[in-house]
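Notes follow once the structure below has been shown.
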Amino acid sequence: MSGDAASTGRIAELVTLSESVYDACLLPNGCLVAAPSHLPIYPASAKSYLYCWPGRDLGFALVAMEALGRDVRAPLLNWLWARAEEFQSTGLIYEEYHPNGPRKGAEWQPDQAGTLLWALCKAPRTEDIVEANVVRALADGLAHMWDGQLFTMRHRDLWERRFASPRHGSNFSYTLAATAKGLRLAGEVYSNTLWRRCAQEMTDQLTLSWSDTQGHYLRRFGPIGDDPVIDASLIGLAWPFGVLGDAERVSATVTEIEKRLLSERGVYRYLFDGYDGEVERIGAELRQGAGAWPLLTFWLALVRQRLGQPERAREIYRIGLDNIEPDGYLPEQVFPVDDERIGVRPLLWSHMMFVLATIELGLLPKR
């Protein structure tokens, strides 16, 4: 990618716009919603994302905004501690939450807790009482639900499309990586032996996810739960949840993701994905197929940079840039040019991964 003034100017504009999307998603009570569905720019045909995913989306957003020099923790953590249903008593994070605090989704998602632990403990503020309470609740919640090999309650993957269950002896690779990384950092920061032990046990289980037959880590694995479909979430095994010691196998998994899921529009979540973010209208044709996800495109670019492949990283980053509409708002998904679907736009997570990739590739203009 050329470093001319036009490209630099465009990137600078997109970074500034990404900050404005964050500000639009931060509600007065401290709730950070996934998309500004309440604004005029939001498409009428898209599903409302005026909900909070208080671990995953919030965690990546917190890291991105802090990388830009913004101090954003206090309102986000205050909302989680004071409002998120049952969080204080359990430390568990379920699916999305309504802005005033009640759970909307019924299923548990341990990767959210792991992501937020990573975000907080990579740059800890142990003197902050609310933050310390949040970290302890998150880590204790994960440790309480872990039996040394499995989580003891059924849970969903980060895409909210499939389950892992102790009944079937199954785990999600991305979930284990996120929770192991978060607990390891928390255990180091707060000198907690239990958290560190659970993190190591999770890492040990994660190594069992490797498939010689497939040549990559599996997205879900277990006695009757092996799922060989390559999934872009496994990018997370390289960054930010790099707990595995086998760099060659991690790199092979990233290569398989790029080979199978990267197109001229960007990176798809997984083969045969049907979710498009559009309102399912009565009488309309359903399940037309998903688009490519810009957040995954920028995530892959960031990881290629981390793996020591800067030229390829910039090529993938350019694919992400080239699929941004002139107004600069990053969508959840990019559809073919002759496709009338719009979907969710803007998506906060897309903007935050763009910011993180821009910084990682050294492309952030002087501010």
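Ordered as shown in the structure tokens, chains take letters A, B, and onward, while each chain numbers its residues from 1 and ligands are numbered from 1 in the order shown.
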
Cut-off 8 Å: closest segment 230-298 of chain A/segment 337-343 of chain A atom pairs per residue, using only C-alpha atoms, as a tab-separated table:
residue	atom	partner	partner_atom	distance
A:Asp276	CA	A:Gly343	CA	6.4
A:Gly277	CA	A:Gly343	CA	5.0
A:Glu278	CA	A:Gly343	CA	5.0

Output of the above residues as a PDB file, in the first residue's frame, restricted to N, CA and C atoms:
ATOM      1  N   ASP A 276     -26.972 -12.287   7.791  1.00  0.00           N
ATOM      2  CA  ASP A 276     -26.614 -11.065   7.061  1.00  0.00           C
ATOM      3  C   ASP A 276     -26.966  -9.776   7.805  1.00  0.00           C
ATOM      4  N   GLY A 277     -27.571  -9.882   8.994  1.00  0.00           N
ATOM      5  CA  GLY A 277     -27.866  -8.682   9.760  1.00  0.00           C
ATOM      6  C   GLY A 277     -29.075  -7.898   9.291  1.00  0.00           C
ATOM      7  N   GLU A 278     -29.772  -8.399   8.287  1.00  0.00           N
ATOM      8  CA  GLU A 278     -30.952  -7.725   7.779  1.00  0.00           C
ATOM      9  C   GLU A 278     -32.193  -8.149   8.574  1.00  0.00           C
TER      10      GLU A 278
END

Once you count only C-alpha atoms, what closest atom pair and distance in Å to one decimal does each residue of segment 109-130 of chain A within 10 Å of segment 241-245 of chain A have, with rows by chain and rising residue number, as JSON lines?
{"residue": "A:Gly114", "atom": "CA", "partner": "A:Phe241", "partner_atom": "CA", "distance": 9.2}
{"residue": "A:Thr115", "atom": "CA", "partner": "A:Phe241", "partner_atom": "CA", "distance": 8.6}
{"residue": "A:Trp118", "atom": "CA", "partner": "A:Phe241", "partner_atom": "CA", "distance": 8.3}

Only all heavy atoms, please: the residues just picked out, written as a tab-separated table (two decimals), in the first residue's frame.
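Listing of result.tsv after writing:
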chain	number	residue	atom	x	y	z
A	114	GLY	N	-13.21	-13.45	29.27
A	114	GLY	CA	-11.79	-13.54	28.95
A	114	GLY	C	-11.29	-12.33	28.20
A	114	GLY	O	-10.19	-11.82	28.48
A	115	THR	N	-12.10	-11.83	27.26
A	115	THR	CA	-11.70	-10.66	26.49
A	115	THR	C	-11.58	-9.43	27.37
A	115	THR	O	-10.62	-8.65	27.26
A	115	THR	CB	-12.72	-10.40	25.36
A	115	THR	OG1	-12.80	-11.55	24.52
A	115	THR	CG2	-12.31	-9.20	24.52
A	118	TRP	N	-8.48	-9.61	29.53
A	118	TRP	CA	-7.31	-9.24	28.72
A	118	TRP	C	-7.20	-7.73	28.57
A	118	TRP	O	-6.13	-7.15	28.77
A	118	TRP	CB	-7.39	-9.91	27.34
A	118	TRP	CG	-6.56	-9.24	26.29
A	118	TRP	CD1	-5.20	-9.28	26.18
A	118	TRP	CD2	-7.04	-8.40	25.23
A	118	TRP	NE1	-4.80	-8.52	25.08
A	118	TRP	CE2	-5.90	-7.98	24.50
A	118	TRP	CE3	-8.30	-7.99	24.81
A	118	TRP	CZ2	-6.01	-7.14	23.38
A	118	TRP	CZ3	-8.41	-7.16	23.71
A	118	TRP	CH2	-7.28	-6.75	23.00

Discussion item. From the options A:Leu14, A:Leu300, A:Leu120, A:Ala178, which residue's atoms come nearest to Leu330 of chain A, counting only C-alpha atoms?
Written reply: A:Leu14

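In this comparison, which uses only C-alpha atoms, the residue of A:His98, A:Arg184, A:Arg10, A:Arg156 approaching Ser48 of chain A most closely is A:His98.
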
Worksheet item: Using only C-alpha atoms, which of A:Glu360, A:Leu185, A:Leu347, A:Leu142 sits nearest Ala24 of chain A?
Response: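 Of A:Glu360, A:Leu185, A:Leu347, A:Leu142, the one nearest Ala24 of chain A is A:Leu347, counting only C-alpha atoms.
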
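Residue neighbourhood of Ala113 of chain A, excluding near-sequence residues (fewer than 3 positions): A:Pro54, A:Gly55, A:Arg56, A:Gly59, A:Gly91, A:Leu92, A:Ile93, A:Tyr94, A:Gln109, A:Pro110, A:Leu116, A:Leu117, A:Trp118, A:Ala119, A:Val134, A:Val135, A:Ala137, A:Leu138, A:Ala139, A:Gly141, A:Leu142, A:Thr175, A:Ala178, A:Thr179, A:Gly182, A:Leu183, at 10 Å, using only C-alpha atoms.
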
Output the selection as a short mmCIF file (atom, residue, chain, number, x, y, z; two decimals), in the first residue's frame - C-alpha atoms for each residue.
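Wrote part35.cif, looks like this:
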data_model
loop_
_atom_site.label_atom_id
_atom_site.label_comp_id
_atom_site.auth_asym_id
_atom_site.auth_seq_id
_atom_site.Cartn_x
_atom_site.Cartn_y
_atom_site.Cartn_z
CA PRO A 54 -20.09 -6.02 27.76
CA GLY A 55 -17.08 -8.25 27.36
CA ARG A 56 -16.19 -8.79 23.74
CA GLY A 59 -13.03 -5.15 25.53
CA GLY A 91 -19.22 -12.68 37.54
CA LEU A 92 -20.71 -14.28 34.41
CA ILE A 93 -21.36 -12.43 31.15
CA TYR A 94 -24.15 -13.74 28.98
CA GLN A 109 -20.47 -16.66 26.71
CA PRO A 110 -17.24 -17.16 28.68
CA LEU A 116 -12.49 -8.06 29.11
CA LEU A 117 -9.90 -9.52 31.49
CA TRP A 118 -7.31 -9.24 28.72
CA ALA A 119 -8.32 -5.66 27.98
CA VAL A 134 -14.83 -6.28 38.04
CA VAL A 135 -11.62 -8.23 37.48
CA ALA A 137 -15.75 -11.09 39.63
CA LEU A 138 -14.84 -12.02 36.05
CA ALA A 139 -11.93 -14.26 37.03
CA GLY A 141 -16.75 -16.52 37.71
CA LEU A 142 -14.66 -18.31 35.08
CA THR A 175 -13.27 -19.45 23.97
CA ALA A 178 -9.68 -15.96 25.35
CA THR A 179 -10.36 -17.26 28.86
CA GLY A 182 -7.53 -13.31 30.44
CA LEU A 183 -7.09 -15.52 33.50
#

Discussion item. Would you pick out the contacts of Val355 of chain A at 12 Å or less, using only C-alpha atoms, so that residues sharing its chain but fewer than 5 positions from it are not included, and give the list as number ranges by chain?
Written reply: A: 11-19, 21-22, 60-68, 294-295, 298-299, 301-302, 317, 320-321, 330, 348-350, 360-365

Residues of the last selection are to be written out with C-alpha atoms, as a short mmCIF file (atom, residue, chain, number, x, y, z; two decimals), in the first residue's frame.
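Written file, selection_36.cif:
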data_model
loop_
_atom_site.label_atom_id
_atom_site.label_comp_id
_atom_site.auth_asym_id
_atom_site.auth_seq_id
_atom_site.Cartn_x
_atom_site.Cartn_y
_atom_site.Cartn_z
CA ILE A 11 -6.77 6.95 7.10
CA ALA A 12 -6.72 10.02 9.34
CA GLU A 13 -10.34 10.78 8.44
CA LEU A 14 -11.38 7.19 9.16
CA VAL A 15 -9.66 7.18 12.55
CA THR A 16 -11.44 10.41 13.50
CA LEU A 17 -14.73 8.97 12.29
CA SER A 18 -14.10 5.79 14.29
CA GLU A 19 -13.80 7.89 17.43
CA VAL A 21 -18.77 6.19 16.16
CA TYR A 22 -17.49 5.20 19.60
CA PHE A 60 -11.79 -4.52 22.00
CA ALA A 61 -13.23 -1.00 22.03
CA LEU A 62 -11.52 -0.20 25.32
CA VAL A 63 -8.12 -1.31 23.99
CA ALA A 64 -8.55 0.60 20.72
CA MET A 65 -9.64 3.83 22.34
CA GLU A 66 -6.86 3.67 24.93
CA ALA A 67 -4.39 3.16 22.09
CA LEU A 68 -5.64 6.48 20.72
CA PRO A 294 -14.39 -5.88 7.80
CA LEU A 295 -13.47 -6.43 11.44
CA PHE A 298 -8.43 -5.82 9.67
CA TRP A 299 -7.88 -8.48 12.34
CA ALA A 301 -4.02 -7.78 8.59
CA LEU A 302 -2.97 -7.09 12.18
CA TYR A 317 -5.39 -3.97 5.07
CA GLY A 320 -10.38 -3.62 4.02
CA LEU A 321 -9.90 0.01 2.99
CA LEU A 330 -17.64 0.55 8.43
CA LEU A 348 -18.48 -0.25 16.47
CA TRP A 349 -16.38 -3.43 16.52
CA SER A 350 -15.47 -2.94 12.84
CA GLU A 360 -0.21 -2.16 14.49
CA LEU A 361 0.82 -1.53 10.87
CA GLY A 362 2.33 1.83 11.79
CA LEU A 363 -0.13 3.72 9.61
CA LEU A 364 -1.65 6.01 12.24
CA PRO A 365 -1.03 9.62 11.14
#

Worksheet entry | A:Glu264, A:Glu332, A:Glu85, A:Glu325 ranked by distance to Ala290 of chain A, top pick (using only C-alpha atoms) |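 Between A:Glu264, A:Glu332, A:Glu85, A:Glu325, the residue approaching Ala290 of chain A most closely is A:Glu332.
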
Discussion item. Could you list, as a list of chain:residue names, every residue within 9 Å of Ser251 of chain A, counting only C-alpha atoms and ignoring same-chain residues fewer than 3 positions away?
Written reply: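 Returned residues: A:His216, A:Ala238, A:Asp246, A:Ala247, A:Glu248, A:Val254, A:Thr255, A:Glu256, A:Leu307.
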
Item to complete: Tell me, as a PyMOL selection string, which residues lie within 12 Å of Leu39 of chain A, counting only C-alpha atoms; anything in the same chain fewer than 2 positions away does not count.
Response: chain A and resi 21+24-25+35-37+41-44+48-50+345-346

Would you export the selected residues with C-alpha atoms as a PDB file, in the first residue's frame, please?
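Output file selection_15.pdb is given in full below:
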ATOM      1  CA  VAL A  21     -18.770   6.194  16.164  1.00  0.00           C
ATOM      2  CA  ALA A  24     -22.244   7.761  19.411  1.00  0.00           C
ATOM      3  CA  CYS A  25     -22.357   4.245  20.872  1.00  0.00           C
ATOM      4  CA  ALA A  35     -24.069   0.060  16.895  1.00  0.00           C
ATOM      5  CA  PRO A  36     -25.803   3.468  16.973  1.00  0.00           C
ATOM      6  CA  SER A  37     -29.182   2.124  15.895  1.00  0.00           C
ATOM      7  CA  ILE A  41     -27.531   7.187   9.645  1.00  0.00           C
ATOM      8  CA  TYR A  42     -28.544   3.681  10.721  1.00  0.00           C
ATOM      9  CA  PRO A  43     -30.315   1.672   7.970  1.00  0.00           C
ATOM     10  CA  ALA A  44     -34.001   0.907   8.448  1.00  0.00           C
ATOM     11  CA  SER A  48     -31.178  -3.134  15.798  1.00  0.00           C
ATOM     12  CA  TYR A  49     -27.890  -3.509  17.658  1.00  0.00           C
ATOM     13  CA  LEU A  50     -28.790  -1.066  20.422  1.00  0.00           C
ATOM     14  CA  ARG A 345     -23.750   0.036   9.479  1.00  0.00           C
ATOM     15  CA  PRO A 346     -21.796   1.380  11.251  1.00  0.00           C
TER      16      PRO A 346
END

Worksheet entry | Minimum-distance residue to Trp79 of chain A, chosen among A:Arg367, A:Arg197, A:Trp108, A:Cys31 (using only C-alpha atoms) |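 Among the listed residues, A:Cys31 lies closest to Trp79 of chain A.
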
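The set of residues in segment 254-348 of chain A assigned to strand (DSSP E) by DSSP, using only backbone atoms of this structure, is Leu262, Ser263, Gly266 and Val267 of chain A.
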
Just write the chosen residues, all heavy atoms, as a PDB file, in the first residue's frame.
ATOM      1  N   LEU A 262     -10.777 -15.599   2.767  1.00  0.00           N
ATOM      2  CA  LEU A 262     -10.485 -14.251   2.285  1.00  0.00           C
ATOM      3  C   LEU A 262     -10.882 -14.110   0.819  1.00  0.00           C
ATOM      4  O   LEU A 262     -10.527 -14.954  -0.010  1.00  0.00           O
ATOM      5  CB  LEU A 262      -8.995 -13.934   2.449  1.00  0.00           C
ATOM      6  CG  LEU A 262      -8.535 -12.582   1.904  1.00  0.00           C
ATOM      7  CD1 LEU A 262      -9.182 -11.419   2.657  1.00  0.00           C
ATOM      8  CD2 LEU A 262      -7.011 -12.476   1.952  1.00  0.00           C
ATOM      9  N   SER A 263     -11.638 -13.043   0.505  1.00  0.00           N
ATOM     10  CA  SER A 263     -12.028 -12.740  -0.870  1.00  0.00           C
ATOM     11  C   SER A 263     -11.701 -11.290  -1.166  1.00  0.00           C
ATOM     12  O   SER A 263     -11.119 -10.582  -0.334  1.00  0.00           O
ATOM     13  CB  SER A 263     -13.525 -12.988  -1.070  1.00  0.00           C
ATOM     14  OG  SER A 263     -14.281 -11.934  -0.478  1.00  0.00           O
ATOM     15  N   GLY A 266     -13.161  -9.168   1.507  1.00  0.00           N
ATOM     16  CA  GLY A 266     -12.649  -9.289   2.858  1.00  0.00           C
ATOM     17  C   GLY A 266     -12.792 -10.705   3.378  1.00  0.00           C
ATOM     18  O   GLY A 266     -12.964 -11.663   2.612  1.00  0.00           O
ATOM     19  N   VAL A 267     -12.757 -10.859   4.701  1.00  0.00           N
ATOM     20  CA  VAL A 267     -12.754 -12.169   5.341  1.00  0.00           C
ATOM     21  C   VAL A 267     -14.168 -12.529   5.808  1.00  0.00           C
ATOM     22  O   VAL A 267     -14.841 -11.736   6.468  1.00  0.00           O
ATOM     23  CB  VAL A 267     -11.797 -12.177   6.555  1.00  0.00           C
ATOM     24  CG1 VAL A 267     -11.843 -13.520   7.269  1.00  0.00           C
ATOM     25  CG2 VAL A 267     -10.367 -11.871   6.097  1.00  0.00           C
TER      26      VAL A 267
END

Worksheet item: For Val303 of chain A, which residue out of A:Val334, A:Leu234, A:Leu261, A:Val279 is the nearest one, using only C-alpha atoms?
Response: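 For Val303 of chain A, the nearest of the given residues is A:Leu234.
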
Practice prompt. Going by DSSP on the backbone, which bits of segment 122-250 of chain A are alpha helix (DSSP H)? Write them as a ChimeraX atom specification, please.
Written response: /A:129-144,173-189,193-207,247-250

Worksheet entry | atom CA of Glu86 of chain A to atom CA of Met145 of chain A, straight-line distance in Å |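 A separation of 15.3 Å between them.
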
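Counting from atom CA of His144 of chain A, the distance to atom CA of Leu158 of chain A is 20.3 Å.
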
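Atom CA of Arg103 of chain A sits 22.0 Å away from atom CA of Tyr275 of chain A.
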